[in-house]
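Shown next: work_3.cif, containing mmCIF, C-alpha atoms (C1' of nucleotides).
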```cif
data_protein
loop_
_atom_site.label_atom_id
_atom_site.label_comp_id
_atom_site.auth_asym_id
_atom_site.auth_seq_id
_atom_site.Cartn_x
_atom_site.Cartn_y
_atom_site.Cartn_z
CA MET P 13 128.03 45.92 122.58
CA ARG P 14 129.43 45.79 119.08
CA ARG P 15 132.13 43.47 120.31
CA SER P 16 129.58 41.21 122.00
CA SER P 17 127.58 41.13 118.82
CA ALA P 18 130.62 40.22 116.73
CA GLN P 19 131.64 37.54 119.21
CA GLY P 20 128.10 36.23 119.21
CA VAL P 21 128.25 35.87 115.44
CA LEU P 22 131.46 33.89 115.79
CA TYR P 23 129.80 31.69 118.39
CA GLY P 24 127.03 30.95 115.95
CA GLN P 25 129.50 30.15 113.20
CA THR P 26 131.16 27.60 115.43
CA VAL P 27 127.85 25.99 116.31
CA ALA P 28 126.82 25.80 112.65
CA ASN P 29 130.19 24.29 111.85
CA VAL P 30 129.88 21.60 114.49
CA ALA P 31 126.24 20.89 113.67
CA GLY P 32 127.34 20.38 110.09
CA ILE P 33 125.00 22.96 108.61
CA ALA P 34 125.60 26.27 106.86
CA ASN P 35 125.61 29.53 108.70
CA SER P 36 122.36 30.84 107.28
CA ASP P 37 120.76 27.46 107.90
CA LEU P 38 121.39 28.00 111.60
CA GLU P 39 120.15 31.56 111.35
CA CYS P 40 116.90 30.22 109.94
CA MET P 41 116.64 27.71 112.77
CA ASP P 42 117.04 30.63 115.15
CA ILE P 43 114.20 32.50 113.46
CA LEU P 44 112.02 29.41 113.49
CA TYR P 45 112.77 29.01 117.17
CA LEU P 46 111.86 32.64 117.86
CA GLU P 47 108.88 32.95 115.54
CA GLY P 48 107.58 29.40 115.38
CA ARG P 49 106.14 28.05 112.15
CA VAL P 50 106.76 30.48 109.29
CA THR P 51 106.47 30.44 105.51
CA ALA P 52 109.44 30.19 103.17
CA GLY P 53 108.77 33.70 101.93
CA ARG P 54 108.84 35.09 105.45
CA LEU P 55 112.22 33.43 106.02
CA ALA P 56 113.51 35.16 102.90
CA GLU P 57 112.24 38.50 104.19
CA VAL P 58 113.71 38.13 107.64
CA THR P 59 117.08 36.81 106.53
CA GLY P 60 117.45 39.11 103.55
CA LEU P 61 118.05 36.13 101.26
CA THR P 62 116.27 35.51 97.97
CA THR P 63 113.49 32.95 97.86
CA GLY P 64 115.74 30.80 95.71
CA ALA P 65 118.35 30.71 98.45
CA ILE P 66 115.72 29.84 101.02
CA THR P 67 114.70 26.83 98.95
CA GLY P 68 118.28 25.62 99.31
CA VAL P 69 118.36 26.35 103.04
CA VAL P 70 115.13 24.46 103.67
CA ASP P 71 116.24 21.58 101.44
CA ARG P 72 119.37 21.17 103.53
CA LEU P 73 117.56 21.56 106.86
CA GLU P 74 114.90 19.10 105.79
CA LYS P 75 117.49 16.57 104.66
CA ALA P 76 119.16 16.95 108.05
CA GLY P 77 115.81 16.23 109.67
CA LEU P 78 115.73 19.55 111.49
CA VAL P 79 112.62 20.98 109.85
CA ARG P 80 109.56 19.83 107.96
CA ARG P 81 107.82 21.42 104.99
CA GLU P 82 104.08 21.71 105.52
CA ARG P 83 101.84 22.96 102.73
CA ASP P 84 99.18 25.39 103.84
CA GLU P 85 95.83 23.76 103.11
CA ASN P 86 94.05 27.11 102.85
CA ASP P 87 96.51 28.58 100.36
CA ARG P 88 98.29 25.77 98.65
CA ARG P 89 101.01 28.03 97.22
CA LYS P 90 102.42 28.63 100.68
CA VAL P 91 104.87 26.32 102.37
CA PHE P 92 105.20 26.49 106.10
CA ILE P 93 108.51 25.54 107.62
CA ALA P 94 108.27 23.94 111.05
CA VAL P 95 111.09 22.79 113.29
CA VAL P 96 111.27 19.16 114.35
CA PRO P 97 111.64 19.74 118.09
CA GLU P 98 113.54 16.58 118.97
CA ALA P 99 116.15 17.13 116.26
CA ALA P 100 116.44 20.83 116.99
CA MET P 101 117.25 19.99 120.62
CA LYS P 102 120.56 18.51 119.56
CA ILE P 103 121.58 21.87 118.19
CA GLY P 104 120.15 23.68 121.17
CA GLN P 105 122.69 21.84 123.33
CA PHE P 106 125.44 23.96 121.87
CA TYR P 107 123.77 27.10 123.15
CA VAL P 108 123.84 25.91 126.74
CA PRO P 109 127.26 27.46 127.43
CA MET P 110 125.95 30.79 126.18
CA GLN P 111 122.79 30.55 128.26
CA GLN P 112 124.76 29.63 131.35
CA ALA P 113 127.25 32.43 130.85
CA MET P 114 124.51 34.99 130.37
CA GLU P 115 122.56 33.63 133.31
CA LYS P 116 125.61 34.12 135.46
CA VAL P 117 125.80 37.72 134.31
CA PHE P 118 122.12 38.35 134.87
CA ASN P 119 122.30 36.87 138.34
CA THR P 120 124.48 39.75 139.48
CA TYR P 121 121.64 42.23 138.97
CA SER P 122 118.69 43.08 141.18
CA ASP P 123 115.13 42.75 139.89
CA GLU P 124 114.92 46.47 139.41
CA GLU P 125 118.16 46.54 137.46
CA LEU P 126 116.93 43.67 135.32
CA ARG P 127 113.81 45.64 134.56
CA LEU P 128 116.02 48.47 133.33
CA LEU P 129 118.01 46.08 131.17
CA LEU P 130 114.82 44.62 129.75
CA ARG P 131 113.55 48.08 128.94
CA PHE P 132 116.84 48.86 127.26
CA ALA P 133 116.75 45.63 125.26
CA THR P 134 113.23 46.40 124.07
CA GLU P 135 113.91 50.04 123.26
CA GLY P 136 117.26 49.13 121.72
CA TYR P 137 115.57 46.69 119.39
CA LYS P 138 113.10 49.36 118.34
CA GLY P 139 116.09 51.62 117.76
CA VAL P 140 117.78 49.11 115.51
CA LEU P 141 114.55 48.67 113.55
CA ALA P 142 114.23 52.44 113.21
CA ALA P 143 117.85 52.63 112.05
CA THR P 144 117.14 50.01 109.40
CA GLU P 145 114.21 52.06 108.13
CA ALA P 146 116.31 55.23 108.16
CA LEU P 147 119.06 53.44 106.24
CA LYS P 148 116.58 52.39 103.58
CA GLY P 149 115.41 55.99 103.36
CA LEU P 150 119.01 57.13 103.00
CA LEU P 151 119.56 54.70 100.16
CA ASP P 152 116.46 55.87 98.32
CA THR P 153 117.81 59.41 98.44
CA PRO P 154 120.31 60.17 95.67
CA PRO P 155 123.77 60.80 97.20
CA GLU P 156 123.91 64.48 96.28
CA LYS P 157 120.60 65.13 98.04
CA ARG P 158 121.56 63.36 101.25
CA PRO P 159 121.83 65.53 104.35
CA ASP P 160 125.48 65.88 105.24
CA LEU P 161 125.63 63.33 108.00
CA LYS P 162 128.59 63.36 110.29
CA LEU P 163 129.79 60.15 111.81
CA LYS P 164 130.79 60.58 115.41
CA LYS P 165 134.24 59.35 116.28
CA LEU P 166 134.06 56.73 118.96
CA ARG P 167 136.66 56.87 121.65
CA GLN P 168 139.23 54.12 121.25
CA PRO P 169 139.05 51.76 124.21
CA MET S 26 118.78 41.09 122.54
CA ARG S 27 118.98 38.19 120.12
CA ARG S 28 116.56 39.99 117.86
CA SER S 29 118.60 43.18 118.00
CA SER S 30 121.69 41.22 117.17
CA ALA S 31 120.02 39.54 114.19
CA GLN S 32 118.65 42.83 112.96
CA GLY S 33 122.09 44.39 113.40
CA VAL S 34 123.57 41.69 111.19
CA LEU S 35 120.97 42.49 108.53
CA TYR S 36 121.85 46.17 108.82
CA GLY S 37 125.47 45.34 108.18
CA GLN S 38 124.57 43.18 105.19
CA THR S 39 122.70 46.10 103.65
CA VAL S 40 125.62 48.44 104.22
CA ALA S 41 128.07 45.98 102.68
CA ASN S 42 125.74 45.58 99.74
CA VAL S 43 125.50 49.30 99.12
CA ALA S 44 129.20 49.86 99.67
CA GLY S 45 129.80 47.19 97.05
CA ILE S 46 131.95 44.98 99.27
CA ALA S 47 131.44 41.53 100.69
CA ASN S 48 130.00 40.93 104.09
CA SER S 49 133.19 39.76 105.71
CA ASP S 50 135.05 42.61 104.11
CA LEU S 51 132.87 44.98 106.08
CA GLU S 52 133.33 42.89 109.19
CA CYS S 53 137.08 43.32 108.82
CA MET S 54 136.65 47.06 108.39
CA ASP S 55 134.74 47.02 111.65
CA ILE S 56 137.53 45.20 113.41
CA LEU S 57 140.12 47.56 111.97
CA TYR S 58 138.02 50.46 113.17
CA LEU S 59 137.81 48.98 116.66
CA GLU S 60 141.34 47.64 116.97
CA GLY S 61 143.28 49.96 114.70
CA ARG S 62 146.19 48.61 112.68
CA VAL S 63 146.26 44.81 112.87
CA THR S 64 148.08 42.00 111.08
CA ALA S 65 146.46 39.75 108.50
CA GLY S 66 146.82 36.81 110.84
CA ARG S 67 145.03 38.63 113.63
CA LEU S 68 142.16 39.35 111.26
CA ALA S 69 141.93 35.65 110.49
CA GLU S 70 141.83 34.86 114.21
CA VAL S 71 139.17 37.41 115.04
CA THR S 72 136.93 36.66 112.08
CA GLY S 73 137.36 32.90 112.21
CA LEU S 74 138.37 32.84 108.54
CA THR S 75 141.43 31.08 107.16
CA THR S 76 144.48 33.14 106.29
CA GLY S 77 143.80 32.37 102.67
CA ALA S 78 140.38 33.93 102.88
CA ILE S 79 141.85 36.98 104.57
CA THR S 80 144.24 37.44 101.68
CA GLY S 81 141.18 37.71 99.47
CA VAL S 82 139.43 40.10 101.84
CA VAL S 83 142.43 42.40 102.03
CA ASP S 84 142.96 42.22 98.26
CA ARG S 85 139.42 43.41 97.70
CA LEU S 86 139.57 46.09 100.38
CA GLU S 87 142.90 47.33 99.07
CA LYS S 88 141.60 47.47 95.51
CA ALA S 89 138.62 49.47 96.79
CA GLY S 90 141.10 51.85 98.40
CA LEU S 91 139.72 51.23 101.88
CA VAL S 92 142.85 49.78 103.47
CA ARG S 93 146.58 49.68 102.91
CA ARG S 94 149.01 46.81 103.36
CA GLU S 95 152.04 47.82 105.40
CA ARG S 96 154.93 45.43 105.89
CA ASP S 97 156.30 45.35 109.41
CA GLU S 98 159.94 46.49 109.19
CA ASN S 99 160.92 44.61 112.36
CA ASP S 100 159.43 41.30 111.21
CA ARG S 101 159.13 41.35 107.47
CA ARG S 102 156.84 38.30 107.38
CA LYS S 103 154.07 40.28 108.99
CA VAL S 104 151.69 42.46 107.04
CA PHE S 105 149.81 45.14 108.89
CA ILE S 106 146.46 46.18 107.52
CA ALA S 107 145.59 49.83 108.10
CA VAL S 108 142.41 51.64 107.16
CA VAL S 109 142.58 54.61 104.84
CA PRO S 110 140.58 57.04 106.99
CA GLU S 111 139.20 59.23 104.20
CA ALA S 112 137.89 56.29 102.20
CA ALA S 113 136.53 54.54 105.27
CA MET S 114 134.51 57.65 106.09
CA LYS S 115 132.31 57.02 103.08
CA ILE S 116 131.28 53.71 104.53
CA GLY S 117 130.96 55.21 107.99
CA GLN S 118 128.20 57.44 106.63
CA PHE S 119 125.91 54.45 106.40
CA TYR S 120 126.22 53.87 110.12
CA VAL S 121 124.95 57.33 110.96
CA PRO S 122 121.29 56.20 111.09
CA MET S 123 122.29 53.50 113.56
CA GLN S 124 124.30 55.91 115.68
CA GLN S 125 121.48 58.41 115.74
CA ALA S 126 118.89 55.80 116.61
CA MET S 127 121.00 54.45 119.44
CA GLU S 128 121.82 57.94 120.66
CA LYS S 129 118.12 58.65 120.86
CA VAL S 130 117.68 55.55 122.98
CA PHE S 131 120.61 56.36 125.23
CA ASN S 132 119.34 59.89 125.75
CA THR S 133 116.36 58.54 127.63
CA TYR S 134 118.59 57.26 130.44
CA SER S 135 120.14 59.05 133.37
CA ASP S 136 123.87 59.01 133.93
CA GLU S 137 123.49 56.44 136.64
CA GLU S 138 121.38 54.22 134.42
CA LEU S 139 123.94 54.57 131.64
CA ARG S 140 126.63 53.43 134.04
CA LEU S 141 124.58 50.32 134.71
CA LEU S 142 124.17 49.70 130.98
CA LEU S 143 127.89 50.15 130.45
CA ARG S 144 128.63 47.70 133.22
CA PHE S 145 126.21 45.24 131.66
CA ALA S 146 127.78 45.69 128.22
CA THR S 147 131.23 45.03 129.64
CA GLU S 148 130.19 42.05 131.75
CA GLY S 149 128.03 40.74 128.93
CA TYR S 150 130.99 40.78 126.60
CA LYS S 151 133.04 38.85 129.12
CA GLY S 152 130.15 36.43 129.35
CA VAL S 153 130.08 35.88 125.62
CA LEU S 154 133.84 35.30 125.63
CA ALA S 155 133.48 32.82 128.48
CA ALA S 156 130.70 31.06 126.58
CA THR S 157 132.94 30.77 123.55
CA GLU S 158 135.62 29.15 125.68
CA ALA S 159 133.08 26.81 127.26
CA LEU S 160 131.79 25.86 123.83
CA LYS S 161 135.30 24.97 122.72
CA GLY S 162 135.67 22.87 125.84
CA LEU S 163 132.39 21.16 125.08
CA LEU S 164 133.56 20.32 121.58
CA ASP S 165 136.80 18.84 122.85
CA THR S 166 134.79 16.48 125.04
CA PRO S 167 133.52 13.40 123.21
CA PRO S 168 129.69 13.48 123.03
CA GLU S 169 129.13 10.52 125.33
CA LYS S 170 131.23 12.14 128.06
CA ARG S 171 129.47 15.49 127.94
CA PRO S 172 127.51 16.50 131.02
CA ASP S 173 123.83 16.20 130.22
CA LEU S 174 123.12 19.83 129.60
CA LYS S 175 119.54 20.95 129.50
CA LEU S 176 118.56 23.82 127.33
CA LYS S 177 116.11 26.10 129.04
CA LYS S 178 112.98 26.80 127.12
CA LEU S 179 112.62 30.48 126.49
CA ARG S 180 109.19 31.96 126.82
CA GLN S 181 107.67 32.78 123.46
CA PRO S 182 107.13 36.53 123.20
"C1'" DA W 10 177.74 29.14 110.53
"C1'" DA W 11 174.83 26.04 108.74
"C1'" DT W 12 170.87 23.50 109.11
"C1'" DA W 13 166.36 22.70 110.94
"C1'" DT W 14 162.11 24.20 112.76
"C1'" DA W 15 158.67 27.65 113.29
"C1'" DT W 16 155.88 31.55 111.92
"C1'" DA W 17 153.27 34.59 108.62
"C1'" DT W 18 151.25 35.40 104.35
"C1'" DC W 19 150.07 34.08 99.80
"C1'" DT W 20 148.73 30.76 95.98
"C1'" DT W 21 145.95 27.25 93.79
"C1'" DA W 22 142.29 24.10 92.92
"C1'" DG W 23 137.97 22.81 94.01
"C1'" DT W 24 133.48 23.37 96.61
"C1'" DC W 25 129.21 25.28 97.90
"C1'" DA W 26 125.87 28.89 99.00
"C1'" DC W 27 124.17 32.82 96.74
"C1'" DT W 28 121.84 35.84 93.08
"C1'" DA W 29 119.08 36.82 88.97
"C1'" DA W 30 115.80 35.51 86.00
"C1'" DG W 31 112.21 33.02 84.92
"C1'" DA W 32 108.99 28.74 85.23
"C1'" DG W 33 105.20 26.47 87.49
"C1'" DA W 34 101.28 26.29 90.42
"C1'" DA W 35 97.72 28.36 93.08
"C1'" DT W 36 94.96 32.51 94.16
"C1'" DT W 37 92.54 36.86 93.45
"C1'" DA W 38 90.75 40.58 90.41
"C1'" DG W 39 88.35 42.49 86.47
"C1'" DC T 4 86.93 33.15 82.50
"C1'" DT T 5 90.79 35.39 81.22
"C1'" DA T 6 94.40 38.39 83.31
"C1'" DA T 7 97.17 39.78 86.85
"C1'" DT T 8 99.21 38.59 91.23
"C1'" DT T 9 101.41 35.80 94.72
"C1'" DC T 10 104.32 32.14 96.35
"C1'" DT T 11 107.83 28.65 95.79
"C1'" DC T 12 111.00 26.23 93.05
"C1'" DT T 13 114.45 25.62 89.15
"C1'" DT T 14 118.52 26.72 86.50
"C1'" DA T 15 122.83 28.74 85.19
"C1'" DG T 16 126.46 31.29 86.58
"C1'" DT T 17 129.32 33.82 90.14
"C1'" DG T 18 132.25 34.50 93.92
"C1'" DA T 19 133.88 33.86 98.64
"C1'" DC T 20 135.44 30.07 101.21
"C1'" DT T 21 138.49 25.94 102.69
"C1'" DA T 22 142.44 22.80 102.52
"C1'" DA T 23 146.87 22.03 101.33
"C1'" DG T 24 150.96 23.48 100.14
"C1'" DA T 25 154.45 27.23 98.40
"C1'" DT T 26 157.22 31.13 99.61
"C1'" DA T 27 159.69 34.12 102.53
"C1'" DT T 28 161.36 35.57 106.87
"C1'" DA T 29 162.62 34.59 111.69
"C1'" DT T 30 164.25 31.75 115.56
"C1'" DA T 31 166.43 27.57 117.58
"C1'" DT T 32 169.84 23.82 117.48
"C1'" DT T 33 174.09 21.62 116.69
#
```

Same coordinates, now as structure tokens:
Amino acid sequence: MRRSSAQGVLYGQTVANVAGIANSDLECMDILYLEGRVTAGRLAEVTGLTTGAITGVVDRLEKAGLVRRERDENDRRKVFIAVVPEAAMKIGQFYVPMQQAMEKVFNTYSDEELRLLLRFATEGYKGVLAATEALKGLLDTPPEKRPDLKLKKLRQP
Amino acid sequence: MRRSSAQGVLYGQTVANVAGIANSDLECMDILYLEGRVTAGRLAEVTGLTTGAITGVVDRLEKAGLVRRERDENDRRKVFIAVVPEAAMKIGQFYVPMQQAMEKVFNTYSDEELRLLLRFATEGYKGVLAATEALKGLLDTPPEKRPDLKLKKLRQP
DNA sequence: AATATATATCTTAGTCACTAAGAGAATTAG
DNA sequence: CTAATTCTCTTAGTGACTAAGATATATATT
């Protein structure tokens, strides 16, 4: 799974490269695609970038015509970022090979097996979130007070 | 799964941050951990960075005492990069929360279910590799000659 | 053996995304 | 109605990255 993840990152890098946008720009497009219309601040949160960096990201994406800035009329400090669907499609094209490849894989499983995989995906995500929280906790603990955690050796493949 | 992947990337960013090394430095450590002793060129291949960038990565990692350069005696152009296990352990510590979280998830599955998950992980990885190849093929085809690929709309969660 | 070509890493100059700190504008609290 | 807070943007400076070419070793050709 770690290998898949790493390869997936590479895939994204290639797409960003071809689309002529920066890596984190594409990451933001991904978030916008998953979450819909979000504020600049939320993008900063989710990506782990500073708000200053996000300004740059959105500037570039807007210039490329991929997103639009929309001021919130209720709270005029906020800036919503919304994808421009037609333009975003052009980038989406590059994910077709990935979708097709994964579809092929998924097609080899029965409905019941797919349900298991879905459960695992959901629980796994919760696990990763929990791990992130635990990591933060670990970092707030001064090193000498940390429980002596042992890293398990993984078997070499 | 995409969410897990994105969150996993964030996790790695945090670890790199705390460990005081750059993101791609950590990525290289990961590869070294998975593949063992590899050449600088291989690192470039796997990470998608230029060889020049890898020189920088290895310089930083070596200065931090995390890896060692070892010249291949059979082919003295090659430089093997090898992790220094003791030093790498300190970074490994930060992955303990992730390991524990995932172990907790895996513990909720029977052996048979785990076999299914393993099969999926393996096939999924092959799928991602295949997708990468397909993407390269797509890029070698001039845009007007590309088959009209339709991106499937994913259901919003 | 000598020259040419290929392979592997490193060097250099320049670019661009990122951070930190703080400014500006709008909102909420006292 | 001033003060504190929230949200985005601006600015200056940093550092990892690329492209192109240098260096060193290995392999192929005549």

* To do: Run the PyMOL selection byres ((chain S and resi 80-96) around 6) on the file and write out the hits as a ChimeraX atom specification.
  => /S:50,77-79,97,104-109,112-113

Box for stretch 146-156 of chain P - axis-aligned, 6 Å on each of the six sides, all listed atoms - centre and size in Å to one decimal, as lines of an AutoDock Vina configuration file.
```
center_x = 119.7
center_y = 58.4
center_z = 101.9
size_x = 20.5
size_y = 24.1
size_z = 24.5
```

Would you list which chain T residues are within 8 Å of chain S using only C-alpha atoms (C1' of nucleotides), as a CSV table (one decimal) with C-alpha atoms (C1' of nucleotides), in the frame of the given file?
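As a result, out-v4.csv now contains:
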```
chain,number,residue,atom,x,y,z
T,19,DA,C1',133.9,33.9,98.6
T,20,DC,C1',135.4,30.1,101.2
T,21,DT,C1',138.5,25.9,102.7
T,27,DA,C1',159.7,34.1,102.5
T,28,DT,C1',161.4,35.6,106.9
T,29,DA,C1',162.6,34.6,111.7
```

Fitted chain P, least squares over ordered Cα pairs with chain S, as a compact mmCIF listing (two decimals) with C-alpha atoms, in the frame of the given file:
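Okay, this is what ended up in superposed.txt:
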```txt
# COMPACT_ATOMS: atom_id res chain seq x y z
CA MET P 13 118.73 41.11 122.52
CA ARG P 14 118.95 38.22 120.11
CA ARG P 15 116.54 40.01 117.83
CA SER P 16 118.58 43.21 117.99
CA SER P 17 121.68 41.24 117.17
CA ALA P 18 120.02 39.56 114.19
CA GLN P 19 118.67 42.88 112.95
CA GLY P 20 122.09 44.41 113.40
CA VAL P 21 123.57 41.72 111.19
CA LEU P 22 120.99 42.52 108.54
CA TYR P 23 121.87 46.20 108.82
CA GLY P 24 125.48 45.36 108.18
CA GLN P 25 124.58 43.22 105.19
CA THR P 26 122.73 46.14 103.67
CA VAL P 27 125.65 48.48 104.23
CA ALA P 28 128.10 46.01 102.69
CA ASN P 29 125.75 45.61 99.76
CA VAL P 30 125.51 49.34 99.14
CA ALA P 31 129.23 49.90 99.68
CA GLY P 32 129.83 47.24 97.06
CA ILE P 33 131.97 45.03 99.26
CA ALA P 34 131.45 41.55 100.68
CA ASN P 35 130.01 40.97 104.08
CA SER P 36 133.20 39.76 105.71
CA ASP P 37 135.08 42.63 104.09
CA LEU P 38 132.89 45.00 106.08
CA GLU P 39 133.34 42.90 109.19
CA CYS P 40 137.09 43.31 108.79
CA MET P 41 136.69 47.06 108.39
CA ASP P 42 134.75 47.02 111.64
CA ILE P 43 137.56 45.18 113.39
CA LEU P 44 140.14 47.54 111.94
CA TYR P 45 138.05 50.45 113.15
CA LEU P 46 137.81 48.96 116.65
CA GLU P 47 141.34 47.61 116.95
CA GLY P 48 143.31 49.92 114.69
CA ARG P 49 146.19 48.57 112.64
CA VAL P 50 146.30 44.77 112.83
CA THR P 51 148.11 41.97 111.04
CA ALA P 52 146.49 39.71 108.47
CA GLY P 53 146.85 36.76 110.81
CA ARG P 54 145.06 38.59 113.60
CA LEU P 55 142.17 39.34 111.22
CA ALA P 56 141.94 35.63 110.47
CA GLU P 57 141.84 34.84 114.18
CA VAL P 58 139.20 37.40 115.01
CA THR P 59 136.94 36.66 112.07
CA GLY P 60 137.34 32.90 112.20
CA LEU P 61 138.38 32.83 108.53
CA THR P 62 141.43 31.06 107.16
CA THR P 63 144.48 33.12 106.28
CA GLY P 64 143.82 32.31 102.65
CA ALA P 65 140.40 33.92 102.87
CA ILE P 66 141.87 36.96 104.56
CA THR P 67 144.25 37.42 101.65
CA GLY P 68 141.18 37.69 99.43
CA VAL P 69 139.43 40.08 101.81
CA VAL P 70 142.44 42.39 102.00
CA ASP P 71 142.97 42.21 98.23
CA ARG P 72 139.42 43.40 97.67
CA LEU P 73 139.58 46.09 100.37
CA GLU P 74 142.90 47.32 99.05
CA LYS P 75 141.60 47.46 95.49
CA ALA P 76 138.65 49.47 96.78
CA GLY P 77 141.11 51.85 98.41
CA LEU P 78 139.74 51.24 101.88
CA VAL P 79 142.87 49.76 103.44
CA ARG P 80 146.60 49.66 102.87
CA ARG P 81 149.03 46.78 103.33
CA GLU P 82 152.07 47.79 105.35
CA ARG P 83 154.94 45.36 105.84
CA ASP P 84 156.33 45.28 109.34
CA GLU P 85 159.95 46.41 109.10
CA ASN P 86 160.93 44.55 112.27
CA ASP P 87 159.46 41.23 111.14
CA ARG P 88 159.17 41.26 107.42
CA ARG P 89 156.86 38.23 107.32
CA LYS P 90 154.07 40.22 108.92
CA VAL P 91 151.69 42.40 106.99
CA PHE P 92 149.83 45.09 108.83
CA ILE P 93 146.47 46.14 107.50
CA ALA P 94 145.62 49.79 108.08
CA VAL P 95 142.44 51.61 107.16
CA VAL P 96 142.61 54.60 104.83
CA PRO P 97 140.63 57.03 106.98
CA GLU P 98 139.24 59.23 104.22
CA ALA P 99 137.92 56.28 102.23
CA ALA P 100 136.59 54.52 105.30
CA MET P 101 134.56 57.64 106.13
CA LYS P 102 132.36 57.04 103.11
CA ILE P 103 131.31 53.74 104.58
CA GLY P 104 130.98 55.21 108.04
CA GLN P 105 128.23 57.46 106.66
CA PHE P 106 125.94 54.48 106.43
CA TYR P 107 126.24 53.89 110.15
CA VAL P 108 124.96 57.35 110.99
CA PRO P 109 121.31 56.22 111.12
CA MET P 110 122.29 53.51 113.58
CA GLN P 111 124.29 55.91 115.73
CA GLN P 112 121.47 58.42 115.75
CA ALA P 113 118.88 55.82 116.62
CA MET P 114 120.97 54.46 119.47
CA GLU P 115 121.78 57.95 120.69
CA LYS P 116 118.09 58.66 120.88
CA VAL P 117 117.64 55.55 122.98
CA PHE P 118 120.54 56.36 125.25
CA ASN P 119 119.27 59.88 125.77
CA THR P 120 116.26 58.54 127.65
CA TYR P 121 118.47 57.24 130.45
CA SER P 122 120.01 59.02 133.41
CA ASP P 123 123.77 58.98 133.98
CA GLU P 124 123.37 56.39 136.67
CA GLU P 125 121.27 54.18 134.43
CA LEU P 126 123.85 54.55 131.67
CA ARG P 127 126.51 53.42 134.08
CA LEU P 128 124.46 50.29 134.73
CA LEU P 129 124.08 49.68 131.01
CA LEU P 130 127.80 50.15 130.50
CA ARG P 131 128.53 47.68 133.27
CA PHE P 132 126.13 45.24 131.68
CA ALA P 133 127.71 45.69 128.25
CA THR P 134 131.16 45.05 129.69
CA GLU P 135 130.12 42.07 131.80
CA GLY P 136 127.97 40.74 128.96
CA TYR P 137 130.94 40.80 126.63
CA LYS P 138 133.00 38.89 129.17
CA GLY P 139 130.11 36.44 129.38
CA VAL P 140 130.05 35.90 125.65
CA LEU P 141 133.82 35.34 125.66
CA ALA P 142 133.45 32.85 128.51
CA ALA P 143 130.67 31.09 126.60
CA THR P 144 132.93 30.80 123.57
CA GLU P 145 135.62 29.20 125.71
CA ALA P 146 133.08 26.85 127.28
CA LEU P 147 131.80 25.90 123.83
CA LYS P 148 135.31 25.02 122.73
CA GLY P 149 135.68 22.90 125.85
CA LEU P 150 132.40 21.18 125.07
CA LEU P 151 133.58 20.37 121.57
CA ASP P 152 136.84 18.90 122.83
CA THR P 153 134.85 16.55 125.04
CA PRO P 154 133.60 13.45 123.22
CA PRO P 155 129.77 13.51 123.04
CA GLU P 156 129.25 10.54 125.34
CA LYS P 157 131.33 12.18 128.07
CA ARG P 158 129.54 15.52 127.92
CA PRO P 159 127.57 16.51 131.01
CA ASP P 160 123.89 16.22 130.22
CA LEU P 161 123.17 19.85 129.58
CA LYS P 162 119.60 20.97 129.53
CA LEU P 163 118.58 23.84 127.33
CA LYS P 164 116.13 26.12 129.04
CA LYS P 165 112.97 26.82 127.12
CA LEU P 166 112.59 30.50 126.52
CA ARG P 167 109.15 31.93 126.89
CA GLN P 168 107.61 32.76 123.54
CA PRO P 169 107.05 36.50 123.27
```

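From atom CA of S:Lys151 back to atom CA of S:Met123, the distance works out to 23.9 Å.
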
W:DT12: which residues within 12 Å, counting only C-alpha atoms (C1' of nucleotides), same-chain residues fewer than 4 positions away excluded, as a short mmCIF file (atom, residue, chain, number, x, y, z; two decimals) with C-alpha atoms (C1' of nucleotides), keeping the file's coordinate frame?
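New file selection.cif:
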```cif
data_model
loop_
_atom_site.label_atom_id
_atom_site.label_comp_id
_atom_site.auth_asym_id
_atom_site.auth_seq_id
_atom_site.Cartn_x
_atom_site.Cartn_y
_atom_site.Cartn_z
"C1'" DA T 31 166.43 27.57 117.58
"C1'" DT T 32 169.84 23.82 117.48
"C1'" DT T 33 174.09 21.62 116.69
#
```

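Applied to this file, the PyMOL selection byres ((chain W and resi 37) around 9) selects DT36 and DA38 of chain W; DA7 and DT8 of chain T.
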
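Of the listed residues S:Asp55, S:Gly61, S:Ile116, S:Leu141, the one whose atoms come nearest to P:Ser17 is S:Asp55, with distances taken using all atoms listed in the file.
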
* To do: Run the PyMOL selection byres ((chain W) within 8 of (chain S)) mentally over the shown coordinates, then write out the matched residues as a ChimeraX atom specification, using the chain letters and numbers from the document.
  => /W:17-19

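Using only C-alpha atoms, the nearest neighbour of chain S within the list P:Lys157, P:Arg54, P:Arg14, P:Arg49 is P:Arg14.
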
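At a cut-off of 12 Å from (115.0, 56.8, 126.4), the residue set is Leu128, Arg131, Phe132, Ala133, Thr134, Glu135, Gly136, Lys138 and Gly139 of chain P; Ala126, Met127, Glu128, Lys129, Val130, Phe131, Asn132, Thr133, Tyr134, Ser135, Asp136, Glu138 and Leu139 of chain S (counting only C-alpha atoms (C1' of nucleotides)).
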
* Asked: In Å to one decimal, how far is atom CA of P:Ala146 from atom CA of S:Leu35?
  -> 13.6 Å

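All residues that come within 12 Å of the coordinates (126.8, 39.5, 90.0), counting only C-alpha atoms (C1' of nucleotides), are given as S:Asn42, S:Gly45, S:Ile46, S:Ala47, W:DC27, W:DT28, W:DA29, T:DG16, T:DT17, T:DG18.
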
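Here atom CA of S:Gln124 is placed at a distance of 25.1 Å from atom CA of P:Glu39.
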